[in-house]
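input38.pdb follows (PDB, C-alpha atoms):
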MODEL        1
ATOM      1  CA  MET A   1     154.493 140.501  87.150  1.00  0.00           C
ATOM      2  CA  SER A   2     157.173 143.100  86.801  1.00  0.00           C
ATOM      3  CA  SER A   3     156.789 145.810  84.206  1.00  0.00           C
ATOM      4  CA  VAL A   4     160.313 147.192  84.449  1.00  0.00           C
ATOM      5  CA  SER A   5     161.933 146.544  81.122  1.00  0.00           C
ATOM      6  CA  VAL A   6     165.160 144.629  80.664  1.00  0.00           C
ATOM      7  CA  SER A   7     167.788 145.516  78.090  1.00  0.00           C
ATOM      8  CA  PRO A   8     168.900 142.938  75.516  1.00  0.00           C
ATOM      9  CA  ASP A   9     172.484 143.893  76.362  1.00  0.00           C
ATOM     10  CA  GLU A  10     171.979 142.836  79.959  1.00  0.00           C
ATOM     11  CA  LEU A  11     170.854 139.397  78.821  1.00  0.00           C
ATOM     12  CA  LYS A  12     173.754 139.125  76.375  1.00  0.00           C
ATOM     13  CA  ASP A  13     176.309 140.064  79.029  1.00  0.00           C
ATOM     14  CA  ARG A  14     174.879 137.681  81.591  1.00  0.00           C
ATOM     15  CA  ILE A  15     174.752 134.719  79.201  1.00  0.00           C
ATOM     16  CA  GLU A  16     178.315 135.330  78.027  1.00  0.00           C
ATOM     17  CA  ALA A  17     179.584 135.805  81.575  1.00  0.00           C
ATOM     18  CA  ALA A  18     177.850 132.714  82.951  1.00  0.00           C
ATOM     19  CA  ILE A  19     178.717 130.266  80.169  1.00  0.00           C
ATOM     20  CA  PRO A  20     182.410 130.459  79.269  1.00  0.00           C
ATOM     21  CA  GLY A  21     183.269 130.769  75.577  1.00  0.00           C
ATOM     22  CA  THR A  22     179.701 131.635  74.600  1.00  0.00           C
ATOM     23  CA  LEU A  23     178.664 134.345  72.154  1.00  0.00           C
ATOM     24  CA  ALA A  24     175.133 135.707  72.425  1.00  0.00           C
ATOM     25  CA  ASP A  25     173.177 137.907  70.056  1.00  0.00           C
ATOM     26  CA  VAL A  26     170.077 139.148  71.860  1.00  0.00           C
ATOM     27  CA  SER A  27     167.251 141.293  70.588  1.00  0.00           C
ATOM     28  CA  GLY A  28     163.982 142.178  72.242  1.00  0.00           C
ATOM     29  CA  ASP A  29     161.440 144.752  73.339  1.00  0.00           C
ATOM     30  CA  GLY A  30     162.320 144.801  77.044  1.00  0.00           C
ATOM     31  CA  HIS A  31     159.998 141.896  77.925  1.00  0.00           C
ATOM     32  CA  HIS A  32     160.164 139.404  75.041  1.00  0.00           C
ATOM     33  CA  PHE A  33     163.568 138.407  73.759  1.00  0.00           C
ATOM     34  CA  GLU A  34     165.178 136.331  71.076  1.00  0.00           C
ATOM     35  CA  ALA A  35     168.698 135.104  71.588  1.00  0.00           C
ATOM     36  CA  LYS A  36     171.070 133.413  69.190  1.00  0.00           C
ATOM     37  CA  VAL A  37     173.643 131.698  71.333  1.00  0.00           C
ATOM     38  CA  GLU A  38     176.675 129.724  70.276  1.00  0.00           C
ATOM     39  CA  GLY A  39     179.564 128.161  72.109  1.00  0.00           C
ATOM     40  CA  PRO A  40     181.442 124.980  72.916  1.00  0.00           C
ATOM     41  CA  ALA A  41     179.549 124.525  76.190  1.00  0.00           C
ATOM     42  CA  PHE A  42     176.564 123.207  74.222  1.00  0.00           C
ATOM     43  CA  ALA A  43     178.425 120.534  72.261  1.00  0.00           C
ATOM     44  CA  GLY A  44     177.253 117.020  72.957  1.00  0.00           C
ATOM     45  CA  LEU A  45     174.230 118.110  75.006  1.00  0.00           C
ATOM     46  CA  SER A  46     170.614 117.298  74.222  1.00  0.00           C
ATOM     47  CA  ARG A  47     168.447 120.223  73.145  1.00  0.00           C
ATOM     48  CA  ILE A  48     166.764 120.181  76.525  1.00  0.00           C
ATOM     49  CA  ALA A  49     170.117 120.407  78.294  1.00  0.00           C
ATOM     50  CA  GLN A  50     171.314 123.178  75.951  1.00  0.00           C
ATOM     51  CA  HIS A  51     168.267 125.305  76.679  1.00  0.00           C
ATOM     52  CA  LYS A  52     168.444 124.600  80.399  1.00  0.00           C
ATOM     53  CA  LEU A  53     172.016 125.845  80.468  1.00  0.00           C
ATOM     54  CA  VAL A  54     170.791 129.246  79.284  1.00  0.00           C
ATOM     55  CA  TYR A  55     167.559 129.220  81.306  1.00  0.00           C
ATOM     56  CA  ASP A  56     169.582 128.537  84.444  1.00  0.00           C
ATOM     57  CA  VAL A  57     171.404 131.853  83.981  1.00  0.00           C
ATOM     58  CA  PHE A  58     168.122 133.650  84.699  1.00  0.00           C
ATOM     59  CA  GLY A  59     166.295 131.285  87.045  1.00  0.00           C
ATOM     60  CA  ALA A  60     163.060 132.700  88.415  1.00  0.00           C
ATOM     61  CA  GLU A  61     163.408 135.886  86.355  1.00  0.00           C
ATOM     62  CA  LEU A  62     162.114 133.871  83.399  1.00  0.00           C
ATOM     63  CA  GLY A  63     158.396 134.330  83.086  1.00  0.00           C
ATOM     64  CA  ASP A  64     158.629 137.283  85.444  1.00  0.00           C
ATOM     65  CA  ARG A  65     160.811 140.245  84.518  1.00  0.00           C
ATOM     66  CA  ILE A  66     161.925 138.344  81.424  1.00  0.00           C
ATOM     67  CA  HIS A  67     158.533 137.443  80.036  1.00  0.00           C
ATOM     68  CA  ALA A  68     159.785 135.263  77.213  1.00  0.00           C
ATOM     69  CA  LEU A  69     163.157 134.179  75.901  1.00  0.00           C
ATOM     70  CA  SER A  70     163.236 132.414  72.570  1.00  0.00           C
ATOM     71  CA  LEU A  71     166.503 130.552  71.996  1.00  0.00           C
ATOM     72  CA  LYS A  72     168.411 129.452  68.937  1.00  0.00           C
ATOM     73  CA  ILE A  73     171.420 127.531  70.175  1.00  0.00           C
ATOM     74  CA  THR A  74     174.365 126.424  68.065  1.00  0.00           C
ATOM     75  CA  PRO A  75     177.059 124.229  69.608  1.00  0.00           C
ATOM     76  CA  THR A  76     180.567 124.978  68.377  1.00  0.00           C
ATOM     77  CA  GLU A  77     183.751 122.993  68.676  1.00  0.00           C
ATOM     78  CA  ALA A  78     185.868 123.571  71.745  1.00  0.00           C
ATOM     79  CA  ARG A  79     188.834 125.802  71.105  1.00  0.00           C
TER      80      ARG A  79
ATOM     81  CA  MET B   1     159.960 111.853  95.513  1.00  0.00           C
ATOM     82  CA  SER B   2     158.518 111.511  98.987  1.00  0.00           C
ATOM     83  CA  GLU B   3     156.945 114.954  99.122  1.00  0.00           C
ATOM     84  CA  SER B   4     154.627 114.154  96.205  1.00  0.00           C
ATOM     85  CA  ALA B   5     152.389 112.201  98.571  1.00  0.00           C
ATOM     86  CA  SER B   6     151.415 115.416 100.307  1.00  0.00           C
ATOM     87  CA  ASN B   7     151.206 117.388  97.090  1.00  0.00           C
ATOM     88  CA  PRO B   8     148.058 116.476  95.149  1.00  0.00           C
ATOM     89  CA  MET B   9     148.751 119.005  92.398  1.00  0.00           C
ATOM     90  CA  ARG B  10     152.217 117.667  91.716  1.00  0.00           C
ATOM     91  CA  GLU B  11     150.875 114.140  91.793  1.00  0.00           C
ATOM     92  CA  ALA B  12     148.078 115.001  89.358  1.00  0.00           C
ATOM     93  CA  ILE B  13     150.576 116.564  86.966  1.00  0.00           C
ATOM     94  CA  ALA B  14     152.948 113.613  87.197  1.00  0.00           C
ATOM     95  CA  SER B  15     150.182 111.105  86.501  1.00  0.00           C
ATOM     96  CA  ALA B  16     148.815 113.184  83.609  1.00  0.00           C
ATOM     97  CA  ILE B  17     152.311 113.106  82.099  1.00  0.00           C
ATOM     98  CA  SER B  18     152.680 109.364  82.544  1.00  0.00           C
ATOM     99  CA  GLU B  19     149.161 108.491  81.401  1.00  0.00           C
ATOM    100  CA  ASN B  20     149.094 110.521  78.187  1.00  0.00           C
ATOM    101  CA  PRO B  21     151.482 109.515  75.396  1.00  0.00           C
ATOM    102  CA  VAL B  22     151.476 113.084  74.076  1.00  0.00           C
ATOM    103  CA  ILE B  23     150.580 115.904  76.440  1.00  0.00           C
ATOM    104  CA  LEU B  24     151.008 119.646  76.068  1.00  0.00           C
ATOM    105  CA  PHE B  25     150.955 122.077  78.974  1.00  0.00           C
ATOM    106  CA  MET B  26     150.036 125.448  77.514  1.00  0.00           C
ATOM    107  CA  LYS B  27     148.553 128.861  78.118  1.00  0.00           C
ATOM    108  CA  GLY B  28     144.921 128.693  77.021  1.00  0.00           C
ATOM    109  CA  THR B  29     143.400 125.817  75.085  1.00  0.00           C
ATOM    110  CA  PRO B  30     144.198 124.333  71.668  1.00  0.00           C
ATOM    111  CA  GLU B  31     141.060 126.065  70.363  1.00  0.00           C
ATOM    112  CA  ALA B  32     141.956 129.389  71.997  1.00  0.00           C
ATOM    113  CA  PRO B  33     145.664 129.635  72.821  1.00  0.00           C
ATOM    114  CA  ALA B  34     146.453 132.593  75.086  1.00  0.00           C
ATOM    115  CA  CYS B  35     150.084 133.025  74.060  1.00  0.00           C
ATOM    116  CA  GLY B  36     151.913 133.026  70.740  1.00  0.00           C
ATOM    117  CA  PHE B  37     154.356 130.317  71.814  1.00  0.00           C
ATOM    118  CA  SER B  38     151.559 127.993  72.876  1.00  0.00           C
ATOM    119  CA  ALA B  39     149.712 128.749  69.638  1.00  0.00           C
ATOM    120  CA  ARG B  40     152.756 127.894  67.548  1.00  0.00           C
ATOM    121  CA  THR B  41     153.279 124.592  69.353  1.00  0.00           C
ATOM    122  CA  VAL B  42     149.624 123.614  68.909  1.00  0.00           C
ATOM    123  CA  ALA B  43     149.901 124.498  65.220  1.00  0.00           C
ATOM    124  CA  VAL B  44     152.862 122.127  64.807  1.00  0.00           C
ATOM    125  CA  LEU B  45     151.013 119.234  66.451  1.00  0.00           C
ATOM    126  CA  GLU B  46     147.924 119.934  64.374  1.00  0.00           C
ATOM    127  CA  ALA B  47     150.000 120.112  61.187  1.00  0.00           C
ATOM    128  CA  LEU B  48     151.142 116.569  61.972  1.00  0.00           C
ATOM    129  CA  ASP B  49     147.576 115.425  62.723  1.00  0.00           C
ATOM    130  CA  GLN B  50     148.903 114.379  66.100  1.00  0.00           C
ATOM    131  CA  PRO B  51     146.252 113.824  68.771  1.00  0.00           C
ATOM    132  CA  PHE B  52     147.382 115.231  72.106  1.00  0.00           C
ATOM    133  CA  ALA B  53     146.110 115.905  75.574  1.00  0.00           C
ATOM    134  CA  ALA B  54     146.277 119.552  76.609  1.00  0.00           C
ATOM    135  CA  VAL B  55     146.376 121.215  79.996  1.00  0.00           C
ATOM    136  CA  ASN B  56     145.697 124.905  80.393  1.00  0.00           C
ATOM    137  CA  ILE B  57     148.041 126.192  83.096  1.00  0.00           C
ATOM    138  CA  LEU B  58     146.400 129.599  83.415  1.00  0.00           C
ATOM    139  CA  PRO B  59     143.498 128.897  85.796  1.00  0.00           C
ATOM    140  CA  ASP B  60     145.809 128.353  88.777  1.00  0.00           C
ATOM    141  CA  PRO B  61     149.411 129.567  89.258  1.00  0.00           C
ATOM    142  CA  ALA B  62     150.070 126.377  91.246  1.00  0.00           C
ATOM    143  CA  ILE B  63     149.800 124.301  88.054  1.00  0.00           C
ATOM    144  CA  ARG B  64     152.715 126.109  86.480  1.00  0.00           C
ATOM    145  CA  GLN B  65     154.710 126.107  89.696  1.00  0.00           C
ATOM    146  CA  GLU B  66     154.325 122.373  90.232  1.00  0.00           C
ATOM    147  CA  LEU B  67     154.816 121.577  86.548  1.00  0.00           C
ATOM    148  CA  SER B  68     158.162 123.363  86.535  1.00  0.00           C
ATOM    149  CA  ALA B  69     159.111 121.569  89.744  1.00  0.00           C
ATOM    150  CA  VAL B  70     158.337 118.227  88.081  1.00  0.00           C
ATOM    151  CA  SER B  71     160.002 118.991  84.740  1.00  0.00           C
ATOM    152  CA  GLY B  72     162.821 121.322  85.741  1.00  0.00           C
ATOM    153  CA  TRP B  73     161.737 123.520  82.824  1.00  0.00           C
ATOM    154  CA  PRO B  74     160.810 127.118  83.587  1.00  0.00           C
ATOM    155  CA  THR B  75     158.748 128.195  80.596  1.00  0.00           C
ATOM    156  CA  ILE B  76     155.426 127.383  78.939  1.00  0.00           C
ATOM    157  CA  PRO B  77     154.516 125.540  76.716  1.00  0.00           C
ATOM    158  CA  GLN B  78     155.995 122.151  77.609  1.00  0.00           C
ATOM    159  CA  LEU B  79     155.479 119.080  75.463  1.00  0.00           C
ATOM    160  CA  PHE B  80     155.890 115.583  76.877  1.00  0.00           C
ATOM    161  CA  VAL B  81     156.020 112.430  74.767  1.00  0.00           C
ATOM    162  CA  ASP B  82     155.932 109.036  76.488  1.00  0.00           C
ATOM    163  CA  GLY B  83     156.560 110.680  79.836  1.00  0.00           C
ATOM    164  CA  GLU B  84     159.646 112.604  78.696  1.00  0.00           C
ATOM    165  CA  LEU B  85     159.946 116.360  78.348  1.00  0.00           C
ATOM    166  CA  VAL B  86     160.675 117.099  74.696  1.00  0.00           C
ATOM    167  CA  GLY B  87     160.834 120.858  75.040  1.00  0.00           C
ATOM    168  CA  GLY B  88     159.103 124.159  74.560  1.00  0.00           C
ATOM    169  CA  CYS B  89     158.146 126.105  71.479  1.00  0.00           C
ATOM    170  CA  ASP B  90     161.699 126.669  70.160  1.00  0.00           C
ATOM    171  CA  ILE B  91     162.714 123.028  70.415  1.00  0.00           C
ATOM    172  CA  ILE B  92     159.419 121.717  69.013  1.00  0.00           C
ATOM    173  CA  THR B  93     159.654 124.097  66.056  1.00  0.00           C
ATOM    174  CA  GLU B  94     163.283 123.110  65.382  1.00  0.00           C
ATOM    175  CA  MET B  95     162.481 119.412  65.632  1.00  0.00           C
ATOM    176  CA  PHE B  96     159.480 119.818  63.335  1.00  0.00           C
ATOM    177  CA  GLN B  97     161.597 121.578  60.726  1.00  0.00           C
ATOM    178  CA  SER B  98     164.330 118.935  60.900  1.00  0.00           C
ATOM    179  CA  GLY B  99     161.900 115.997  60.843  1.00  0.00           C
ATOM    180  CA  GLU B 100     162.984 114.743  64.280  1.00  0.00           C
ATOM    181  CA  LEU B 101     159.590 115.431  65.801  1.00  0.00           C
ATOM    182  CA  GLN B 102     157.843 113.367  63.131  1.00  0.00           C
ATOM    183  CA  LYS B 103     160.246 110.524  63.916  1.00  0.00           C
ATOM    184  CA  LEU B 104     159.696 110.807  67.658  1.00  0.00           C
ATOM    185  CA  LEU B 105     155.914 110.820  67.269  1.00  0.00           C
ATOM    186  CA  GLY B 106     155.977 108.087  64.660  1.00  0.00           C
ATOM    187  CA  VAL B 107     154.052 110.128  62.127  1.00  0.00           C
ATOM    188  CA  ASP B 108     154.720 110.121  58.418  1.00  0.00           C
ATOM    189  CA  ALA B 109     156.772 113.190  57.538  1.00  0.00           C
ATOM    190  CA  ALA B 110     154.790 113.507  54.327  1.00  0.00           C
ATOM    191  CA  GLY B 111     151.640 113.934  56.373  1.00  0.00           C
ATOM    192  CA  ALA B 112     149.731 111.378  54.300  1.00  0.00           C
ATOM    193  CA  GLY B 113     150.410 108.411  56.541  1.00  0.00           C
ATOM    194  CA  GLU B 114     148.113 105.558  57.453  1.00  0.00           C
ATOM    195  CA  PRO B 115     145.066 106.535  59.452  1.00  0.00           C
ATOM    196  CA  GLU B 116     145.874 106.721  63.160  1.00  0.00           C
ATOM    197  CA  PRO B 117     143.824 104.594  65.519  1.00  0.00           C
ATOM    198  CA  ALA B 118     141.425 107.256  66.720  1.00  0.00           C
ATOM    199  CA  ALA B 119     141.216 105.868  70.241  1.00  0.00           C
ATOM    200  CA  ALA B 120     144.963 106.065  70.808  1.00  0.00           C
ATOM    201  CA  VAL B 121     144.881 109.294  72.738  1.00  0.00           C
ATOM    202  CA  ASP B 122     142.190 111.103  74.592  1.00  0.00           C
ATOM    203  CA  ALA B 123     142.483 114.531  73.033  1.00  0.00           C
ATOM    204  CA  ALA B 124     140.065 116.181  75.425  1.00  0.00           C
ATOM    205  CA  PRO B 125     141.621 118.889  77.570  1.00  0.00           C
ATOM    206  CA  LEU B 126     142.427 117.609  81.018  1.00  0.00           C
ATOM    207  CA  SER B 127     141.120 119.457  83.988  1.00  0.00           C
ATOM    208  CA  ILE B 128     143.881 119.327  86.549  1.00  0.00           C
ATOM    209  CA  GLU B 129     142.565 122.566  87.951  1.00  0.00           C
ATOM    210  CA  ASN B 130     139.452 120.685  89.043  1.00  0.00           C
ATOM    211  CA  LEU B 131     141.461 118.489  91.363  1.00  0.00           C
ATOM    212  CA  LEU B 132     142.114 121.278  93.811  1.00  0.00           C
TER     213      LEU B 132
ENDMDL
END
Show the structure stored in the file as structure tokens.
Amino acid sequence: MSSVSVSPDELKDRIEAAIPGTLADVSGDGHHFEAKVEGPAFAGLSRIAQHKLVYDVFGAELGDRIHALSLKITPTEAR
Amino acid sequence: MSESASNPMREAIASAISENPVILFMKGTPEAPACGFSARTVAVLEALDQPFAAVNILPDPAIRQELSAVSGWPTIPQLFVDGELVGGCDIITEMFQSGELQKLLGVDAAGAGEPEPAAAVDAAPLSIENLL
């Protein structure tokens, strides 16, 4: 278990960089985070698939240096 | 999956998922959840009067490791209905609020539905950790 804290901005930047067209609004205390994420990449996907898309950005860091990441995902229309 | 034959933990998890219509993998127990997300998910199921099997993943890190390998889902809790991963705390909460969870579980959204057949689900916590 890592105790080095993670900045919400790092999570925001990584989500937006990894999933094209996505906007992320991340808050958190360095270990537990809440992210509001929206973008066209989520349109037409099941909830499970939407969440996995974001989880996959962080892989094994979830549950480790990122203790918890609560997601609120909103699909938007493709531009 | 051919490797499951040599992986008793993964096999135990897979059969628990297929044998229990509603099963929650969580941190702690329904009576004493050890994490806020697990607690919130238990509270949703209890608000619906939904019997469910529960597995505490804390006693052995291998439970969580193998569960995530089976489900492809990295976080805890994980709720399965009829063998399918429904989601974690965020998804369960969203589906509860929208009424989709009630539909999926076949419970009356008003909460005052017909009495459930009590024997439908064994609600006792499973002890996968004992299979090691």
- Message: If I take CA of Asp90 in chain B and CA of His67 in chain A, how far is one from the other in Å, to one decimal?
- Response: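 If I compute the distance from CA of Asp90 in chain B to CA of His67 in chain A, I get 15.0 Å.
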Check: which chain A residues lie within 9 Å of chain B using all atoms listed in the file, as a JSON list (two decimals) with C-alpha atoms, in the coordinates of the input:
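Full text of result14.json as output:
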[["chain", "number", "residue", "atom", "x", "y", "z"],
["A", 47, "ARG", "CA", 168.45, 120.22, 73.14],
["A", 48, "ILE", "CA", 166.76, 120.18, 76.53],
["A", 51, "HIS", "CA", 168.27, 125.30, 76.68],
["A", 52, "LYS", "CA", 168.44, 124.60, 80.40],
["A", 55, "TYR", "CA", 167.56, 129.22, 81.31],
["A", 56, "ASP", "CA", 169.58, 128.54, 84.44],
["A", 59, "GLY", "CA", 166.30, 131.28, 87.04],
["A", 60, "ALA", "CA", 163.06, 132.70, 88.42],
["A", 62, "LEU", "CA", 162.11, 133.87, 83.40],
["A", 63, "GLY", "CA", 158.40, 134.33, 83.09],
["A", 68, "ALA", "CA", 159.78, 135.26, 77.21],
["A", 69, "LEU", "CA", 163.16, 134.18, 75.90],
["A", 70, "SER", "CA", 163.24, 132.41, 72.57],
["A", 71, "LEU", "CA", 166.50, 130.55, 72.00],
["A", 72, "LYS", "CA", 168.41, 129.45, 68.94]]
- Which residue gives the smallest distance to Asp29 in chain A among A:Asp64, A:Glu77, A:Glu16, A:Asp9, with all atoms listed in the file counted? A:Asp9
Care to translate the PyMOL selection byres ((chain A and resi 30) around 10) into actual residues of this file, as a short mmCIF file (atom, residue, chain, number, x, y, z; two decimals) with C-alpha atoms, in the coordinates of the input?
data_model
loop_
_atom_site.label_atom_id
_atom_site.label_comp_id
_atom_site.auth_asym_id
_atom_site.auth_seq_id
_atom_site.Cartn_x
_atom_site.Cartn_y
_atom_site.Cartn_z
CA SER A 3 156.79 145.81 84.21
CA VAL A 4 160.31 147.19 84.45
CA SER A 5 161.93 146.54 81.12
CA VAL A 6 165.16 144.63 80.66
CA SER A 7 167.79 145.52 78.09
CA PRO A 8 168.90 142.94 75.52
CA SER A 27 167.25 141.29 70.59
CA GLY A 28 163.98 142.18 72.24
CA ASP A 29 161.44 144.75 73.34
CA HIS A 31 160.00 141.90 77.92
CA HIS A 32 160.16 139.40 75.04
CA PHE A 33 163.57 138.41 73.76
CA ARG A 65 160.81 140.24 84.52
CA ILE A 66 161.93 138.34 81.42
CA HIS A 67 158.53 137.44 80.04
CA ALA A 68 159.78 135.26 77.21
#
- Query: Which residues fall under the PyMOL selection byres ((chain B and resi 23-26) around 8) in this file, as number ranges by chain?
  - Reply: B: 16-17, 20-22, 27-29, 33, 38, 52-57, 76-81
- Find the distance between CA of Glu38 in chain A and CA of Thr41 in chain B and write it in Å to one decimal.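 It comes out at 24.0 Å.
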- Rounded to one decimal in Å, what is the spacing between CA of Ser98 in chain B and CA of Ala24 in chain A?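 According to the coordinates, CA of Ser98 in chain B and CA of Ala24 in chain A are separated by 23.0 Å.
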- Message: I'd like to know which of B:Asp49, B:Pro59, B:Arg64, B:Val44 is closest to Ile92 in chain B, using all atoms listed in the file.
- Response: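 Between B:Asp49, B:Pro59, B:Arg64, B:Val44, the residue approaching Ile92 in chain B most closely is B:Val44.
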- Item | Who sits within 12 Å of Gly99 in chain B, only C-alpha atoms, same chain under 3 positions skipped, as an MDAnalysis selection string | chainID B and resid 44 48 91:96 102:111
Could you put an axis-aligned box around every listed atom of range 50-66 of chain A, padded by 6 Å on each side, and send me its centre and edge lengths in Å to one decimal, as JSON?
{"center_x": 165.2, "center_y": 131.7, "center_z": 82.2, "size_x": 25.6, "size_y": 29.1, "size_z": 24.5}
- Query: Applied to the shown file, which residues does the PyMOL selection byres ((chain A and resi 43) around 9) return, written as a ChimeraX atom specification?
  - Reply: /A:39-42,44-46,50,74-78
Keeping only C-alpha atoms, take the residues you just selected and write them out as a PDB file, in the frame of the given file.
ATOM      1  CA  GLY A  39     179.564 128.161  72.109  1.00  0.00           C
ATOM      2  CA  PRO A  40     181.442 124.980  72.916  1.00  0.00           C
ATOM      3  CA  ALA A  41     179.549 124.525  76.190  1.00  0.00           C
ATOM      4  CA  PHE A  42     176.564 123.207  74.222  1.00  0.00           C
ATOM      5  CA  GLY A  44     177.253 117.020  72.957  1.00  0.00           C
ATOM      6  CA  LEU A  45     174.230 118.110  75.006  1.00  0.00           C
ATOM      7  CA  SER A  46     170.614 117.298  74.222  1.00  0.00           C
ATOM      8  CA  GLN A  50     171.314 123.178  75.951  1.00  0.00           C
ATOM      9  CA  THR A  74     174.365 126.424  68.065  1.00  0.00           C
ATOM     10  CA  PRO A  75     177.059 124.229  69.608  1.00  0.00           C
ATOM     11  CA  THR A  76     180.567 124.978  68.377  1.00  0.00           C
ATOM     12  CA  GLU A  77     183.751 122.993  68.676  1.00  0.00           C
ATOM     13  CA  ALA A  78     185.868 123.571  71.745  1.00  0.00           C
TER      14      ALA A  78
END
